[in-house]
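Participant: Here it is, the structure, as structure tokens.
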Amino acid sequence: MATVPHLMTLADLSPRQITRILTQAHHLKHRSLPWLAPQQYKPSGKRVKLRLPSQSLFNKSIALLFSKRSTRTRVAAETAALLLGGRALFLGKEDIQLGVNESARDTAAVIGGMCQGIFARVGEHAEIEELAKYSPVPVLNALSSLWHPTQILADLLTLHEHAHLFDPTLQPLRVDERSRIAPLPNLRPLTIAYVGDSANVLHDMLVTYPRLGHSLRVATPPQSAYQAPEAVWNRVVELQCDKGIWWGTDPREAVKGADVVVTDTWISMGQEAEKEQRLKDFQGYQVTEALCREGGANPDWKFLHCLPRKAHEVDDDVFYGGRSLVFPEAENRKWTIMAAFDLLFGKWNLGEDQALS
Ligand code: CP
Ligand code: NVA
């Protein structure tokens, strides 16, 4: 029997596989958009037959096993499954027996007997490892204490789509052609700065960006609570990503030469009791125009944030301003999750050469 493919972090994938998911996401997006909003896609005078994207989940069910809140990941997953011809079942922690009356092992075996994939958002990372160990169907990480792989897929798709902002020789990507899908633009090597907490979003950046040729500059507060956990750093070193990472405590130094500045919440889900202490420890880490100017960021720097966002980590001027790519980034959660569902749950094949459908 084939080994069940699971995806816990982008560290599990080669750069080629990551690129393959992005290419598939781009393809699925531009195959789906005209279908969803034909009135917005009218190339001059042409009559073009609309084609549905891959129906690899036709008649299949995907369990969304979420023990934490979600807006983007949940909506992305439910709408993506529908477009692939399948059905997503949202199973929140109040809905099922998991964690109260039933173990992860038994839950994985039972759900895996009825559904063709499990997209799981958990607390401790060990919980999703346990699900994957006993699941007969692929398990995809929808966020754990350590990793958030589907977020970084969306960030990468967004950066590729906006490659022209970082390279004046490139034209903006045309998205209004339904007869032809333009290739996803290549991205020049970027300097990406992260200012904030060492949490799941940063961790997947650490194991991904350096392998794709980008350099990362990170500033977190000096306390040990804000450094990468050993399990994460071991993967960073194993993949030789540490060579492409500068890590310090001064946000101004971190944004030096940055083409992209990224942050995340200072208080991740489950850390609410630490709020007061964290707000103190992160003083001076708010992303603002002044911080990036004083630190010497590229004058054209752009901003990413996984959302949900609080104003203390990034002010309104940046968040809602012209540098911000946060809403295209949020939408791209859908297309990248759709690609991951298609390849992982539909085709059991993350990124090998396959015809696009
Ligand atoms: N970025 C992200 O994962 O958002 P949600 O928590 O709303 O899913
Ligand atoms: N680090 C945040 C990400 C939310 C999408 C959290 O875990 O809550």
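By convention here, the chains of the structure tokens are called A, B, ... in the order presented, each chain's residues are numbered starting at 1, and ligands are numbered starting at 1 in the order presented.
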Give the residues close to ligand 2, within 7 Å, counting only C-alpha atoms and all ligand atoms; write them as a PDB file with C-alpha atoms, in the first residue's frame.

Facilitator:
ATOM      1  CA  LEU A 143      -1.902  25.652  12.069  1.00  0.00           C
ATOM      2  CA  SER A 145       1.883  25.636  17.913  1.00  0.00           C
ATOM      3  CA  ALA A 199       5.626  31.734  16.305  1.00  0.00           C
ATOM      4  CA  ASN A 200       4.182  29.322  13.738  1.00  0.00           C
ATOM      5  CA  VAL A 201       4.107  31.822  10.832  1.00  0.00           C
ATOM      6  CA  ASP A 264       2.208  38.446  13.106  1.00  0.00           C
ATOM      7  CA  THR A 265       0.188  38.844  16.262  1.00  0.00           C
ATOM      8  CA  ILE A 267      -0.364  37.105  21.281  1.00  0.00           C
ATOM      9  CA  SER A 268      -1.058  33.876  19.444  1.00  0.00           C
ATOM     10  CA  MET A 269      -4.190  31.840  20.116  1.00  0.00           C
ATOM     11  CA  CYS A 306      -1.278  36.650   8.062  1.00  0.00           C
ATOM     12  CA  LEU A 307      -4.200  38.316   9.918  1.00  0.00           C
ATOM     13  CA  PRO A 308      -6.026  38.631  12.255  1.00  0.00           C
TER      14      PRO A 308
END

Participant: Please identify all protein, DNA and RNA residues within 8 Å of ligand 1, counting only C-alpha atoms and all ligand atoms, and report them as a ChimeraX atom specification.

Facilitator: /A:69-75,142-143,148,151,305-308,330,333

Participant: Now that the selection is made, can you save its residues with C-alpha atoms as a short mmCIF file (atom, residue, chain, number, x, y, z; two decimals), in the first residue's frame?

Facilitator:
data_model
loop_
_atom_site.label_atom_id
_atom_site.label_comp_id
_atom_site.auth_asym_id
_atom_site.auth_seq_id
_atom_site.Cartn_x
_atom_site.Cartn_y
_atom_site.Cartn_z
CA ARG A 69 -10.82 29.75 15.83
CA SER A 70 -10.36 30.58 12.17
CA THR A 71 -11.75 32.94 9.56
CA ARG A 72 -9.42 32.71 6.58
CA THR A 73 -8.28 29.11 6.81
CA ARG A 74 -11.76 27.78 7.37
CA VAL A 75 -13.47 29.83 4.65
CA ALA A 142 -4.00 24.11 9.23
CA LEU A 143 -1.90 25.65 12.07
CA HIS A 148 1.60 27.29 9.66
CA GLN A 151 0.06 30.63 5.33
CA HIS A 305 0.54 39.97 7.69
CA CYS A 306 -1.28 36.65 8.06
CA LEU A 307 -4.20 38.32 9.92
CA PRO A 308 -6.03 38.63 12.26
CA ALA A 330 -5.71 36.72 2.61
CA ARG A 333 -5.16 31.49 1.32
#

Participant: With only C-alpha atoms as the atoms that count, which of A:Ala81, A:Met114, A:Ala290, A:Ala193 lies nearest to A:Gly257?

Facilitator: A:Ala193

Participant: Calculate how many Å separate atom CA of A:Ala154 from atom CA of A:Asn332, rounding to one decimal.

Facilitator: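 A separation of 5.0 Å between them.
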
Participant: What are the closest atom pairs, with distances in Å to one decimal, for each residue of stretch 154-204 of chain A lying within 9 Å of stretch 224-229 of chain A, using only C-alpha atoms, rows by chain and rising residue number, as CSV?

Facilitator:
residue,atom,partner,partner_atom,distance
A:Gly196,CA,A:Tyr226,CA,8.5
A:Asp197,CA,A:Tyr226,CA,5.8
A:Ser198,CA,A:Tyr226,CA,5.3
A:Ala199,CA,A:Ala228,CA,7.6
A:Leu202,CA,A:Ala228,CA,8.9
A:His203,CA,A:Ala228,CA,7.4

Participant: DSSP on the backbone, alpha helix (DSSP H) only: what residues of stretch 88-273 of chain A does that give? Format it as a PyMOL selection string.

Facilitator: chain A and resi 104-114+125-134+149-161+200-206+230-238+251-254

Participant: Would you write out those residues with N, CA and C atoms, as a compact mmCIF listing (two decimals), in the first residue's frame?

Facilitator:
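And here's out39.txt as it stands now:
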# COMPACT_ATOMS: atom_id res chain seq x y z
N ALA A 104 -6.89 11.10 19.94
CA ALA A 104 -6.53 11.50 18.57
C ALA A 104 -6.38 10.25 17.71
N ARG A 105 -5.83 9.19 18.28
CA ARG A 105 -5.62 7.95 17.52
C ARG A 105 -6.95 7.41 16.99
N ASP A 106 -7.95 7.30 17.90
CA ASP A 106 -9.24 6.74 17.49
C ASP A 106 -9.96 7.69 16.54
N THR A 107 -9.85 8.99 16.80
CA THR A 107 -10.51 9.98 15.93
C THR A 107 -9.93 9.90 14.51
N ALA A 108 -8.61 9.81 14.41
CA ALA A 108 -7.97 9.75 13.09
C ALA A 108 -8.41 8.51 12.34
N ALA A 109 -8.50 7.38 13.04
CA ALA A 109 -8.89 6.13 12.38
C ALA A 109 -10.34 6.21 11.90
N VAL A 110 -11.21 6.79 12.73
CA VAL A 110 -12.64 6.85 12.38
C VAL A 110 -12.88 7.85 11.24
N ILE A 111 -12.36 9.05 11.40
CA ILE A 111 -12.58 10.07 10.35
C ILE A 111 -11.90 9.64 9.06
N GLY A 112 -10.73 9.05 9.19
CA GLY A 112 -10.00 8.59 8.00
C GLY A 112 -10.73 7.47 7.27
N GLY A 113 -11.65 6.80 7.96
CA GLY A 113 -12.45 5.76 7.31
C GLY A 113 -13.62 6.34 6.52
N MET A 114 -13.95 7.60 6.79
CA MET A 114 -15.13 8.19 6.12
C MET A 114 -14.77 9.35 5.20
N HIS A 125 1.78 21.02 18.70
CA HIS A 125 2.09 20.35 17.44
C HIS A 125 2.01 18.82 17.55
N ALA A 126 2.34 18.29 18.73
CA ALA A 126 2.30 16.83 18.92
C ALA A 126 0.91 16.26 18.61
N GLU A 127 -0.13 17.08 18.77
CA GLU A 127 -1.49 16.59 18.51
C GLU A 127 -1.69 16.25 17.04
N ILE A 128 -1.13 17.07 16.17
CA ILE A 128 -1.33 16.78 14.73
C ILE A 128 -0.41 15.64 14.28
N GLU A 129 0.74 15.52 14.93
CA GLU A 129 1.63 14.40 14.62
C GLU A 129 0.93 13.09 14.98
N GLU A 130 0.20 13.10 16.08
CA GLU A 130 -0.53 11.91 16.53
C GLU A 130 -1.65 11.57 15.53
N LEU A 131 -2.36 12.59 15.06
CA LEU A 131 -3.41 12.35 14.06
C LEU A 131 -2.80 11.73 12.81
N ALA A 132 -1.68 12.32 12.36
CA ALA A 132 -1.05 11.84 11.13
C ALA A 132 -0.56 10.39 11.29
N LYS A 133 -0.07 10.09 12.48
CA LYS A 133 0.48 8.74 12.71
C LYS A 133 -0.60 7.67 12.49
N TYR A 134 -1.83 7.99 12.85
CA TYR A 134 -2.88 6.97 12.80
C TYR A 134 -3.90 7.19 11.69
N PRO A 149 2.09 26.05 7.60
CA PRO A 149 2.59 25.96 6.22
C PRO A 149 1.71 26.61 5.17
N THR A 150 0.39 26.49 5.30
CA THR A 150 -0.46 27.02 4.22
C THR A 150 -0.43 28.55 4.20
N GLN A 151 -0.08 29.17 5.32
CA GLN A 151 0.06 30.63 5.33
C GLN A 151 1.22 31.06 4.43
N ILE A 152 2.33 30.35 4.52
CA ILE A 152 3.51 30.78 3.75
C ILE A 152 3.33 30.48 2.26
N LEU A 153 2.53 29.46 1.94
CA LEU A 153 2.20 29.25 0.52
C LEU A 153 1.45 30.47 -0.02
N ALA A 154 0.50 30.98 0.76
CA ALA A 154 -0.26 32.17 0.32
C ALA A 154 0.64 33.39 0.22
N ASP A 155 1.55 33.54 1.17
CA ASP A 155 2.47 34.68 1.14
C ASP A 155 3.33 34.62 -0.13
N LEU A 156 3.81 33.41 -0.43
CA LEU A 156 4.66 33.26 -1.61
C LEU A 156 3.89 33.54 -2.89
N LEU A 157 2.67 33.03 -2.98
CA LEU A 157 1.87 33.30 -4.19
C LEU A 157 1.68 34.81 -4.35
N THR A 158 1.41 35.48 -3.24
CA THR A 158 1.18 36.94 -3.28
C THR A 158 2.45 37.66 -3.75
N LEU A 159 3.60 37.25 -3.24
CA LEU A 159 4.85 37.90 -3.66
C LEU A 159 5.11 37.65 -5.15
N HIS A 160 4.89 36.43 -5.60
CA HIS A 160 5.10 36.14 -7.04
C HIS A 160 4.15 36.98 -7.90
N GLU A 161 2.91 37.08 -7.47
CA GLU A 161 1.94 37.86 -8.25
C GLU A 161 2.34 39.33 -8.33
N ASN A 200 4.41 30.22 14.89
CA ASN A 200 4.18 29.32 13.74
C ASN A 200 4.43 29.96 12.36
N VAL A 201 3.97 31.19 12.15
CA VAL A 201 4.11 31.82 10.83
C VAL A 201 5.59 32.04 10.52
N LEU A 202 6.31 32.64 11.46
CA LEU A 202 7.75 32.85 11.25
C LEU A 202 8.45 31.50 11.03
N HIS A 203 8.07 30.48 11.78
CA HIS A 203 8.80 29.21 11.69
C HIS A 203 8.75 28.63 10.28
N ASP A 204 7.59 28.72 9.63
CA ASP A 204 7.54 28.22 8.25
C ASP A 204 8.29 29.13 7.28
N MET A 205 8.40 30.43 7.63
CA MET A 205 9.24 31.31 6.81
C MET A 205 10.70 30.88 6.90
N LEU A 206 11.13 30.52 8.11
CA LEU A 206 12.54 30.18 8.35
C LEU A 206 13.00 28.98 7.53
N GLU A 230 13.60 24.54 19.90
CA GLU A 230 14.66 23.66 19.39
C GLU A 230 14.18 22.82 18.20
N ALA A 231 12.94 22.31 18.31
CA ALA A 231 12.42 21.45 17.22
C ALA A 231 12.38 22.21 15.89
N VAL A 232 12.11 23.50 15.96
CA VAL A 232 12.06 24.32 14.74
C VAL A 232 13.48 24.59 14.26
N TRP A 233 14.33 25.03 15.18
CA TRP A 233 15.69 25.40 14.77
C TRP A 233 16.44 24.19 14.19
N ASN A 234 16.17 22.99 14.73
CA ASN A 234 16.81 21.79 14.17
C ASN A 234 16.45 21.61 12.70
N ARG A 235 15.20 21.87 12.35
CA ARG A 235 14.80 21.75 10.94
C ARG A 235 15.48 22.84 10.10
N VAL A 236 15.60 24.05 10.67
CA VAL A 236 16.24 25.17 9.96
C VAL A 236 17.69 24.78 9.61
N VAL A 237 18.38 24.20 10.59
CA VAL A 237 19.80 23.85 10.39
C VAL A 237 19.91 22.67 9.43
N GLU A 238 19.06 21.68 9.63
CA GLU A 238 19.07 20.49 8.77
C GLU A 238 18.91 20.89 7.29
N PRO A 251 14.57 45.84 15.93
CA PRO A 251 13.71 45.87 14.74
C PRO A 251 14.28 46.76 13.63
N ARG A 252 14.98 47.84 14.04
CA ARG A 252 15.55 48.74 13.01
C ARG A 252 16.63 48.02 12.21
N GLU A 253 17.44 47.25 12.89
CA GLU A 253 18.47 46.50 12.17
C GLU A 253 17.85 45.44 11.27
N ALA A 254 16.75 44.86 11.76
CA ALA A 254 16.11 43.78 10.98
C ALA A 254 15.58 44.28 9.65

Participant: Using only C-alpha atoms, pick whichever of A:Gln286, A:Ala339, A:Lys275, A:Ala258 has the shortest atom-to-atom distance to A:Asp300.

Facilitator: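 The shortest atom-to-atom distance to A:Asp300 comes from A:Ala258.
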
Participant: Leaving out A:Leu64 and any residue of its chain fewer than 4 positions from it, which residues lie within 6 Å of it when counting only C-alpha atoms, given as a PyMOL selection string?

Facilitator: chain A and resi 89-91+119-120

Participant: Mind giving me the straight-line distance from atom CA of A:Thr3 to atom CA of A:Leu343 in Å, one decimal?

Facilitator: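 Answer for the atom CA of A:Thr3 to atom CA of A:Leu343 separation: 14.9 Å.
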
Participant: Considering only strand (DSSP E) as DSSP defines it on the backbone, what residues of stretch 143-237 of chain A qualify? List them as a list in words.

Facilitator: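 Answer for stretch 143-237 of chain A restricted to strand (DSSP E) is Leu143, Thr191, Ile192, Ala193, Tyr194, Val195, Ser215, Leu216, Arg217, Val218 and Ala219 of chain A.
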
Participant: Please dump the current selection as a tab-separated table (two decimals), in the first residue's frame; keep C-alpha atoms.

Facilitator:
chain	number	residue	atom	x	y	z
A	143	LEU	CA	-1.90	25.65	12.07
A	191	THR	CA	15.32	40.57	1.57
A	192	ILE	CA	12.41	39.71	3.84
A	193	ALA	CA	12.28	41.18	7.36
A	194	TYR	CA	10.18	39.76	10.16
A	195	VAL	CA	9.61	41.84	13.29
A	215	SER	CA	17.32	36.25	2.76
A	216	LEU	CA	15.53	36.64	6.03
A	217	ARG	CA	16.20	39.25	8.72
A	218	VAL	CA	14.40	38.63	12.01
A	219	ALA	CA	14.03	40.69	15.18

Participant: Could you check the closest approach to A:Leu22 for each of A:Lys334, A:His312, A:Arg180, A:Lys347 and tell me which residue wins, using only C-alpha atoms?

Facilitator: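 Closest to A:Leu22, using only C-alpha atoms: A:Lys334.
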
Participant: Nearest residue to A:Ser32 out of A:Gln55, A:Ser103, A:Ser61, A:Asn298, using only C-alpha atoms?

Facilitator: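 Once distances to A:Ser32 are computed over only C-alpha atoms, the minimum belongs to A:Gln55.
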
Participant: Using only C-alpha atoms, find the one residue out of A:Ala80, A:Ala2, A:Ala37, A:Ile18 that sits nearest to A:Thr208.

Facilitator: A:Ile18

Participant: Between atom CA of A:Met8 and atom CA of A:Gly351, what distance in Å does the model show, to one decimal?

Facilitator: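 Computing the Euclidean distance for atom CA of A:Met8 and atom CA of A:Gly351 yields 15.2 Å.
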
Participant: Near A:Val287, counting only C-alpha atoms, which residues have an atom at most 8 Å away, once you skip same-chain residues fewer than 4 positions from it, shown as a PyMOL selection string?

Facilitator: chain A and resi 195+263+291-292+313-315+318
